Amino acid sequence: MRVGVDIGGTKTDAVVLDGAGSVAHALRIPTGWGDAAVLATATDAVLRLAGEAGIAASAFDSIGVGIPGAVDAEHGIVTHARNLGVAQLDLGGLLSRNLGTSVRVENDVNAAALGAFHQLGLSPESSMAYLNLGTGLAAGIVLGGKLWRGSRGAAGEIGHILIDPAGPLDQDGQPGALEVMASGSGIGSQWQSGDGSVHGMLAAAAAGDTGAIAIRRGLFEGVASAVRILVLTVDVDLVVIGGGISTMGNALLEPILAVIAQWESDSPFIQSLELGSRIRILPPNAQTAATGAAWLGATPWQK
């Protein structure tokens, strides 16, 4: 049995996978704030699951953790997890000590990418990019069943790519980055009416608000651009969209396909890429990051 823990800003999901890769046990608990509380949350989640499974935590075949922030996955060290109050934490080492067994730690988007790969039942030879549209925007890349992190762990950090020189500024002060165009935080920074949410912006756009309509258009064009970038740079078989914004389902997919269709009408080369046929949207509540974290121990380490 394998354990996966997905530490989020407000909640932590954890699962036990049986030998067939199915979820045998699952739980959700609040996430603590700060180094000690985050460590305690992860420890508590694994110990509770061990109790449900009727074994010691050290008897699990593997334990994996997905967490926001910059993660040195080789050594299990987490930095810059601002929404958790963590500046630098040796999560892998400390959690291993608490549980009496080794622990793999990975960035949450990379963990979700691995989870999506297995949940979709893709063949080991397949390639896939998981595009996370949540508070931020980033991608995890799985090639041949293994995470591809790049030489310095920056593979998939496409939210920092600039697509509109006249666009709104991102957190780094750069104009028109993918993340400011097509993430929850980016849309919130543009749409400051009401509650500043994506849902509120979409409702205002549907009611005819011209500012909201422009932001909505940027959202759809931004996601379509992210798909295009992932295919043109890595030529993956599939781009799987997940994260909070993906719960829009067809209301997100159909406008993205319309943007791509316009590009295809202008460019025979773009048409030849068949971008639209490569897109999938994950079903909601799929526990993808926790499931992916559980698969970390079965995936050989590579950059």
# chains A, B, ... in the order shown; residues from 1 in each chain; ligands from 1
>>> select_by_dssp(residues="stretch 112-294 of chain A", states="helix (DSSP H, G or I)", output="number ranges by chain")
A: 112-119, 158-160, 178-182, 184-190, 198-206, 210-234, 244-248, 250-266, 268-273, 276-278, 288-294
>>> select_by_dssp(residues="stretch 108-226 of chain A", states="strand (DSSP E or B)", output="PDB file with C-alpha atoms, in the first residue's frame")
ATOM      1  CA  SER A 127       3.833  11.876 -22.769  1.00  0.00           C
ATOM      2  CA  MET A 128       1.555  14.276 -20.937  1.00  0.00           C
ATOM      3  CA  ALA A 129       1.520  17.800 -19.563  1.00  0.00           C
ATOM      4  CA  TYR A 130      -0.743  18.624 -16.636  1.00  0.00           C
ATOM      5  CA  LEU A 131      -1.808  22.284 -16.826  1.00  0.00           C
ATOM      6  CA  ASN A 132      -2.896  23.509 -13.404  1.00  0.00           C
ATOM      7  CA  LEU A 133      -5.289  26.482 -13.465  1.00  0.00           C
ATOM      8  CA  LEU A 137      -0.681  28.676 -13.344  1.00  0.00           C
ATOM      9  CA  ALA A 138       1.984  26.062 -13.934  1.00  0.00           C
ATOM     10  CA  ALA A 139       2.436  22.715 -15.632  1.00  0.00           C
ATOM     11  CA  GLY A 140       3.871  19.355 -14.659  1.00  0.00           C
ATOM     12  CA  ILE A 141       5.368  17.193 -17.392  1.00  0.00           C
ATOM     13  CA  VAL A 142       5.415  13.381 -17.465  1.00  0.00           C
ATOM     14  CA  LEU A 143       7.535  11.675 -20.120  1.00  0.00           C
ATOM     15  CA  LYS A 146       8.429   9.773 -15.186  1.00  0.00           C
ATOM     16  CA  LEU A 147       8.309  13.388 -14.074  1.00  0.00           C
ATOM     17  CA  LEU A 162       4.892  36.716 -21.385  1.00  0.00           C
ATOM     18  CA  LEU A 169       1.373  43.270 -14.710  1.00  0.00           C
ATOM     19  CA  PRO A 175       3.329  42.594 -18.445  1.00  0.00           C
ATOM     20  CA  ALA A 177       2.330  36.773 -18.309  1.00  0.00           C
TER      21      ALA A 177
END
>>> atom_distance(atom1="atom CA of A:Asp172", atom2="atom CA of A:Met201")
23.3 Å
>>> atom_distance(atom1="atom CA of A:Asp90", atom2="atom CA of A:Asp72")
9.5 Å
>>> residues_around(residues="stretch 100-110 of chain A", least_positions_apart="6", cutoff="7 Å", atoms="only C-alpha atoms", output="number ranges by chain")
A: 6, 58, 63-71, 73, 76, 92, 132, 139-140, 289, 296-297
>>> atom_distance(atom1="atom CA of A:Gly167", atom2="atom CA of A:Arg280")
27.4 Å
>>> closest_residue(among="A:Ser126, A:Gln171, A:Ser267, A:Asn250", to="A:Leu238", atoms="only C-alpha atoms")
A:Ser126
>>> closest_residue(among="A:Ser96, A:Ser183, A:Ser225, A:Asn285", to="A:Ala42", atoms="only C-alpha atoms")
A:Ser96
>>> residues_around(residues="A:Gly292", least_positions_apart="6", cutoff="8 Å", atoms="only C-alpha atoms", output="ChimeraX atom specification")
/A:4,111-116,118
>>> residues_around(residues="stretch 258-266 of chain A", least_positions_apart="6", cutoff="12 Å", atoms="only C-alpha atoms", output="number ranges by chain")
A: 217-228, 250-252, 272-279
>>> closest_residue(among="A:Met1, A:Phe117, A:Ala204, A:Trp295", to="A:Leu49", atoms="only C-alpha atoms")
A:Met1
>>> closest_residue(among="A:Ser22, A:Thr288, A:Asn83, A:Thr135", to="A:Val240", atoms="only C-alpha atoms")
A:Thr288
>>> closest_residue(among="A:Leu39, A:Leu99, A:Ile163, A:Leu282", to="A:Met248", atoms="only C-alpha atoms")
A:Leu282
